[in-house]
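Asks: This is the structure I have questions about; it appears just below.
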Amino acid sequence: MMFTISTSRNLARLRISTGPSPSSSSSSSSSHCLSPRNISTTVPSSTLSRSLTHRTIASSTIIPTSSSSSVLRQLRSSTPSTPLTLASTRGMASSSSSSYQKVLTKSSINPHVLNVEYAVRGALSNKANDYAGIIAEGKQKEKGLPFDSVVTANIGNPQQQPFLAQKPLTFWRQVAALTEYPALLDEEALRSHFPQDAQDRAKAILEDVGSVGAYSHSKGAASIRKHIKEYIEERDGHPSDAEMIYLTSGASGGVALLMSVLISGPEVGVMIPIPQYPLYSATLSFYNATPVRYQLDANDDWSVDVKAMGEAVDEARSKGTDVRACVIINPGNPTGSCLSVENIQDIVRMAHEKSLVLFADEVYQTNIFQPSTRPFVSFKKVLKDFGKSEKEEERSIATDVELVSFHSISKGVSGECGRRGGYFELCNISPEVESEVYKMASVNLCPSLQGQIGVDLLVRPPKEGEPSYEVYTKEVGAIHDTLKSRSVSIREAFNALPGVECNEAQGALYLFPQITLPSKAVREAEEAGQKLDLWYCFRLLDATGICCVPGSGFGKEVTTSSGESGRGDKDRFWFRTTILAKETDAFVKRFEKFHRELMKKYE
Ligand SMILES: Cc1ncc(COP(=O)(O)O)c(C=O)c1O
């Protein structure tokens, strides 16, 4: 296999012999935001040979990947005038171990890595882990912890033990077990532990993938992509194409892949909602793109103000940012909103008018709490429905607007975060760009096979009349009901507290309350040199063991109502909690006690 890199600015010339790209059926006459001329010209380090990590490659370098020493030879022989400065300043050639200088330092590594922030696993979460370690060693008394368990309400990880502990769906684990260890199918005594439909499903999957220990096609197993296509068609009532579907390592893997293709330099702008899930800000930081923020309206169910969104595009473009794409998270994280069809239509119209690729993050599509008033409707459906519009000028929207939709097995009711399964569907993407996406997917070989199997189970649950249907329906129903009732009861408890206001969640796994604290507390946070939301969340963790995420981690900053001193007399902030704590009542009690005591102390 050979990489040929003509310049580091040209991804399209990176050739990897992975066999022919499958035929593309996408056809559109529109001019595409994603075309070979404007897709990424930065080769992400993670996707290339490790030997090349973070080093700018000199022009016209041909690098056989089979020989890392030859890579190094070529890198070292570069003239100083090239951007390549590998060993000259740190004595690389020395054979003496005592003169060895670290290659990897904070100042030598990719500077964009340093800019990445990921609040859901930040300083608070590290401290929560430390507390959990102390408790696991039985040292909480010795260390003076006022709680005997840590509640990781900072991350939507339903099966996390021991305080979230959602049970895996039986059918999923049966099929996973049989595909993992097919010998279970060989003996009647073992086989009889598994219902016939689980056995049949496992056999069908194994017929396609052979072994879960083997690489699959880089887009994912063909039979699973076919099932996803059928699921999408049934959900939306519009055709889908299995060749435009890519299985991924969770939705995150797909987002990173597409962003790496989209972003060609720091002038590229990507619109992200505020508040947003920090995967997006982190990925944009890593690929050194410009985030263009649009606000969600807390006073209108966190809907998108599309007019303001369009103005944000114009403003960013007038300042030289090449705004190319817009991320929408629906249902929302951290907001728990579910967008109305009308709102989605307006977003799609805006994307058409402004020529933007839409990235629809729909990982919470099955976590819907008000299905009759706020059902989930996919961007794909809304986009394709434009093809039936009575207005002629709107019909082309359906075939013009480029859309990438993401889904995952991490959320929903399966909550199989650790299996790393997900997929994306490309819609109206030009065939030439699709083949570049395919090439980049090929560099990663394939997503985890058990993750792919999880997606098969997500899109093809047991049907009525099949042996597993009853148990499956019961389990899924119970998880749905629990999530919904927890969302309602925690919200009610929040709203009964002084200084707390919390919107109703229409979906997803979170609540995002707003807190107003008295000025004394505001001053204390200032004196501690901490943002008010972080200060509050640290206090909450230290007092209760509950770990939440400050709103600023999602880009929702503390709002200040300036007092005489110019500082906020009654500052407001947001934080996000999951609704996953198994012992909801105990969780609520811990929280209430903490908040009331804090308000009393600072009133
Ligand atoms: C909105 C959103 N998108 C994507 C992800 C990533 O999910 P995955 O585990 O599929 O990578 C998450 C995880 O919490 C999320 O909340």
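By convention here, the chains of the structure tokens are called A, B, ... in the order presented, each chain's residues are numbered starting at 1, and ligands are numbered starting at 1 in the order presented.
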If you run DSSP over the backbone, which residues in range 425-547 of chain A end up strand (DSSP E or B)? Put them as a short mmCIF file (atom, residue, chain, number, x, y, z; two decimals) with C-alpha atoms, in the first residue's frame.
Replies:
data_model
loop_
_atom_site.label_atom_id
_atom_site.label_comp_id
_atom_site.auth_asym_id
_atom_site.auth_seq_id
_atom_site.Cartn_x
_atom_site.Cartn_y
_atom_site.Cartn_z
CA GLU A 425 -26.10 8.62 5.66
CA LEU A 426 -24.94 10.92 2.89
CA CYS A 427 -27.59 12.68 0.89
CA VAL A 500 -33.79 27.23 39.75
CA GLU A 501 -35.72 27.20 36.47
CA GLY A 507 -36.38 14.12 24.37
CA TYR A 510 -30.69 15.48 29.97
CA LEU A 511 -32.07 18.43 31.86
CA GLN A 514 -30.80 27.69 34.86
CA ILE A 515 -29.67 28.87 38.29
CA THR A 516 -29.69 32.36 39.74
CA ILE A 546 -23.00 14.38 42.10
CA CYS A 547 -21.00 15.27 39.01
#
Asks: Considering only C-alpha atoms and all ligand atoms, tabulate each residue of chain A that lies at most 8 Å from ligand 1 along with its nearest interatomic pair and the corresponding distance in Å to one decimal; arrange the rows by chain and ascending residue number and present them as a Markdown table.
Replies:
| residue | atom | partner | partner_atom_place_in_ligand_line | distance |
| --- | --- | --- | --- | --- |
| A:Ile155 | CA | ligand 1 | 14 (O) | 6.8 |
| A:Gly156 | CA | ligand 1 | 14 (O) | 5.5 |
| A:Asn157 | CA | ligand 1 | 14 (O) | 7.6 |
| A:Ser249 | CA | ligand 1 | 11 (O) | 6.6 |
| A:Gly250 | CA | ligand 1 | 10 (O) | 3.3 |
| A:Ala251 | CA | ligand 1 | 10 (O) | 3.7 |
| A:Ser252 | CA | ligand 1 | 11 (O) | 3.7 |
| A:Gly253 | CA | ligand 1 | 11 (O) | 6.3 |
| A:Gln276 | CA | ligand 1 | 1 (C) | 7.8 |
| A:Tyr277 | CA | ligand 1 | 1 (C) | 5.5 |
| A:Leu279 | CA | ligand 1 | 4 (C) | 6.9 |
| A:Ile329 | CA | ligand 1 | 1 (C) | 5.7 |
| A:Asn330 | CA | ligand 1 | 1 (C) | 7.6 |
| A:Pro331 | CA | ligand 1 | 1 (C) | 7.9 |
| A:Gly332 | CA | ligand 1 | 1 (C) | 6.6 |
| A:Asn333 | CA | ligand 1 | 1 (C) | 5.2 |
| A:Pro334 | CA | ligand 1 | 16 (O) | 7.5 |
| A:Asp361 | CA | ligand 1 | 3 (N) | 5.8 |
| A:Glu362 | CA | ligand 1 | 1 (C) | 7.2 |
| A:Val363 | CA | ligand 1 | 3 (N) | 5.8 |
| A:Tyr364 | CA | ligand 1 | 1 (C) | 7.3 |
| A:Phe406 | CA | ligand 1 | 4 (C) | 8.0 |
| A:His407 | CA | ligand 1 | 10 (O) | 6.9 |
| A:Ser408 | CA | ligand 1 | 10 (O) | 4.4 |
| A:Ile409 | CA | ligand 1 | 10 (O) | 6.2 |
| A:Ser410 | CA | ligand 1 | 9 (O) | 4.8 |
| A:Lys411 | CA | ligand 1 | 10 (O) | 7.3 |
| A:Cys417 | CA | ligand 1 | 9 (O) | 5.2 |
| A:Gly418 | CA | ligand 1 | 9 (O) | 7.6 |
| A:Arg420 | CA | ligand 1 | 9 (O) | 6.1 |
| A:Gly421 | CA | ligand 1 | 10 (O) | 6.3 |
| A:Gly422 | CA | ligand 1 | 10 (O) | 5.6 |
Asks: Could the residues in this selection be written to a file with N, CA and C atoms, as a compact mmCIF listing (two decimals), in the first residue's frame?
Replies:
# COMPACT_ATOMS: atom_id res chain seq x y z
N ILE A 155 -22.42 12.52 32.16
CA ILE A 155 -22.25 11.91 30.84
C ILE A 155 -23.39 10.92 30.56
N GLY A 156 -23.89 10.99 29.35
CA GLY A 156 -25.02 10.15 28.97
C GLY A 156 -24.56 8.74 28.66
N ASN A 157 -24.29 8.00 29.73
CA ASN A 157 -23.69 6.67 29.58
C ASN A 157 -24.55 5.69 30.37
N SER A 249 -17.58 4.27 14.22
CA SER A 249 -17.32 4.00 15.65
C SER A 249 -18.09 5.01 16.47
N GLY A 250 -19.33 4.72 16.75
CA GLY A 250 -20.20 5.70 17.37
C GLY A 250 -20.44 6.83 16.39
N ALA A 251 -21.36 7.73 16.74
CA ALA A 251 -21.58 8.89 15.87
C ALA A 251 -20.30 9.73 15.82
N SER A 252 -19.55 9.74 16.92
CA SER A 252 -18.34 10.58 17.00
C SER A 252 -17.37 10.26 15.86
N GLY A 253 -17.22 8.96 15.56
CA GLY A 253 -16.30 8.57 14.49
C GLY A 253 -16.73 9.16 13.16
N GLN A 276 -24.27 23.62 22.83
CA GLN A 276 -23.94 22.51 21.92
C GLN A 276 -23.25 21.39 22.68
N TYR A 277 -23.28 20.23 22.07
CA TYR A 277 -22.52 19.10 22.62
C TYR A 277 -21.04 19.30 22.24
N LEU A 279 -18.49 17.76 21.51
CA LEU A 279 -17.83 17.03 20.41
C LEU A 279 -17.56 18.00 19.26
N ILE A 329 -28.36 19.60 16.32
CA ILE A 329 -28.50 18.43 17.19
C ILE A 329 -29.98 18.31 17.53
N ASN A 330 -30.59 17.27 17.04
CA ASN A 330 -32.04 17.10 17.26
C ASN A 330 -32.39 15.63 17.44
N PRO A 331 -32.98 15.27 18.57
CA PRO A 331 -33.23 16.02 19.79
C PRO A 331 -31.93 16.56 20.40
N GLY A 332 -32.10 17.63 21.17
CA GLY A 332 -30.95 18.41 21.57
C GLY A 332 -30.21 17.90 22.80
N ASN A 333 -28.92 18.04 22.74
CA ASN A 333 -28.04 17.86 23.88
C ASN A 333 -27.27 19.16 24.01
N PRO A 334 -27.33 19.88 25.11
CA PRO A 334 -27.88 19.50 26.41
C PRO A 334 -29.35 19.89 26.63
N ASP A 361 -27.29 15.78 13.62
CA ASP A 361 -26.94 14.81 14.67
C ASP A 361 -28.25 14.35 15.31
N GLU A 362 -28.63 13.12 14.98
CA GLU A 362 -29.95 12.63 15.41
C GLU A 362 -29.80 11.41 16.32
N VAL A 363 -28.77 11.45 17.18
CA VAL A 363 -28.48 10.26 17.98
C VAL A 363 -29.56 9.99 19.05
N TYR A 364 -30.36 11.02 19.35
CA TYR A 364 -31.40 10.81 20.37
C TYR A 364 -32.78 10.59 19.75
N PHE A 406 -26.54 11.60 11.27
CA PHE A 406 -25.80 10.68 12.15
C PHE A 406 -26.75 9.99 13.11
N HIS A 407 -26.44 8.73 13.37
CA HIS A 407 -27.21 8.00 14.39
C HIS A 407 -26.22 7.10 15.16
N SER A 408 -26.69 6.57 16.29
CA SER A 408 -25.78 5.87 17.20
C SER A 408 -26.52 4.81 18.01
N ILE A 409 -25.76 3.80 18.46
CA ILE A 409 -26.35 2.84 19.39
C ILE A 409 -26.10 3.24 20.84
N SER A 410 -25.36 4.35 21.05
CA SER A 410 -24.99 4.72 22.41
C SER A 410 -26.19 5.22 23.21
N LYS A 411 -27.16 5.77 22.51
CA LYS A 411 -28.28 6.42 23.21
C LYS A 411 -29.53 5.57 23.04
N CYS A 417 -23.12 2.38 24.77
CA CYS A 417 -22.05 3.35 24.47
C CYS A 417 -20.71 2.68 24.20
N GLY A 418 -20.42 1.66 24.97
CA GLY A 418 -19.08 1.06 24.92
C GLY A 418 -18.83 0.24 23.67
N ARG A 420 -19.40 1.20 20.64
CA ARG A 420 -18.98 2.14 19.60
C ARG A 420 -19.59 1.79 18.25
N GLY A 421 -20.89 1.90 18.20
CA GLY A 421 -21.59 1.67 16.92
C GLY A 421 -22.36 2.91 16.51
N GLY A 422 -22.38 3.17 15.24
CA GLY A 422 -23.16 4.29 14.72
C GLY A 422 -23.12 4.24 13.21
Asks: Need to verify the contact set: range 581-585 of chain A, 9 Å, only C-alpha atoms, exclusion of same-chain residues closer than 4 positions in sequence. Can you return it as a PyMOL selection string?
Replies: chain A and resi 151-153+158+162-166+486+489-490+589-590
Asks: Write out the residues from the selection above, keeping N, CA and C atoms, as a compact mmCIF listing (two decimals), in the first residue's frame.
Replies:
# COMPACT_ATOMS: atom_id res chain seq x y z
N VAL A 151 -22.18 10.06 41.82
CA VAL A 151 -23.20 9.91 40.77
C VAL A 151 -22.69 10.64 39.53
N THR A 152 -22.39 9.87 38.52
CA THR A 152 -21.82 10.46 37.30
C THR A 152 -22.94 10.98 36.41
N ALA A 153 -23.49 12.12 36.83
CA ALA A 153 -24.58 12.72 36.04
C ALA A 153 -24.01 13.63 34.95
N PRO A 158 -25.73 5.35 29.83
CA PRO A 158 -26.77 4.69 30.64
C PRO A 158 -26.34 3.43 31.38
N PRO A 162 -21.90 1.93 39.24
CA PRO A 162 -23.09 1.21 39.68
C PRO A 162 -24.33 2.10 39.79
N PHE A 163 -24.20 3.43 39.53
CA PHE A 163 -25.34 4.28 39.89
C PHE A 163 -26.27 4.65 38.75
N LEU A 164 -25.91 4.24 37.54
CA LEU A 164 -26.84 4.43 36.42
C LEU A 164 -27.41 3.05 36.07
N ALA A 165 -26.50 2.16 35.68
CA ALA A 165 -26.79 0.73 35.64
C ALA A 165 -28.03 0.32 34.86
N GLN A 166 -28.28 0.99 33.72
CA GLN A 166 -29.38 0.52 32.88
C GLN A 166 -29.04 -0.88 32.37
N ARG A 486 -38.43 9.98 34.99
CA ARG A 486 -37.31 10.63 35.70
C ARG A 486 -37.16 12.08 35.22
N SER A 489 -39.89 14.03 36.95
CA SER A 489 -39.78 14.21 38.41
C SER A 489 -38.56 15.04 38.79
N ILE A 490 -37.47 14.88 38.08
CA ILE A 490 -36.28 15.70 38.42
C ILE A 490 -36.56 17.16 38.07
N LYS A 589 -32.85 14.17 46.40
CA LYS A 589 -32.69 14.61 47.81
C LYS A 589 -31.31 15.21 48.05
N ARG A 590 -30.31 14.54 47.52
CA ARG A 590 -28.95 15.05 47.69
C ARG A 590 -28.83 16.44 47.08
Asks: A:Ile232, A:Cys548, A:Leu185, A:Ala478: which is nearest Gly122 in chain A, counting only C-alpha atoms?
Replies: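 For Gly122 in chain A, the nearest of the candidates is A:Cys548.
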Asks: Compare A:Gln160, A:Asn428, A:Asn503, A:Ser405 by their minimum atom-to-atom distance to Phe359 in chain A, counting only C-alpha atoms, and give me the closest one.
Replies: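 Checking each of A:Gln160, A:Asn428, A:Asn503, A:Ser405 against Phe359 in chain A, counting only C-alpha atoms, the winner is A:Ser405.
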Asks: So the first atom is CA of Ser430 in chain A and the second is CA of Asp400 in chain A; what is the distance between them in Å, to one decimal place?
Replies: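 Between these atoms lies a distance of 10.1 Å.
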Asks: Residues at most 12 Å from Trp535 in chain A, counting only C-alpha atoms, excluding those fewer than 4 positions away in the same chain, as a ChimeraX atom specification?
Replies: /A:123-124,517,521-531,539-542,548-552,558,573-575,598
Asks: Would you mind listing what lies within 10 Å of range 459-472 of chain A as a list in words, with only C-alpha atoms counted and same-chain residues fewer than 2 positions away left out?
Replies: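 Here the qualifying residues turn out to be Leu169, Thr170, Phe171, Trp172, Phe194, Pro195, Gln196, Asp197, Ala198, Arg201, Ile224, Arg225, His227, Ile228, Lys229, Glu230, Tyr231, Ile232, Ile409, Gly454, Val455, Asp456, Leu457, Lys474, Glu475, Val476, Gly477 and Ala478 of chain A.
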Asks: Please provide as JSON, numbers by chain all residues within 10 Å of Ala202 in chain A, with the sequence filter that same-chain residues fewer than 3 positions apart are discarded (counting only C-alpha atoms).
Replies: {"A": [174, 175, 176, 177, 178, 179, 180, 182, 185, 196, 197, 198, 199, 205, 206, 207, 453]}
Asks: Could you go through range 180-419 of chain A and tell me which residues DSSP, when run on the backbone, assigns to helix (DSSP H, G or I), listing them as number ranges by chain?
Replies: A: 180, 182-185, 188-191, 196-209, 222-236, 242-244, 250-262, 279-286, 298-300, 306-318, 341-354, 379-388, 392-395, 397-400, 417-419
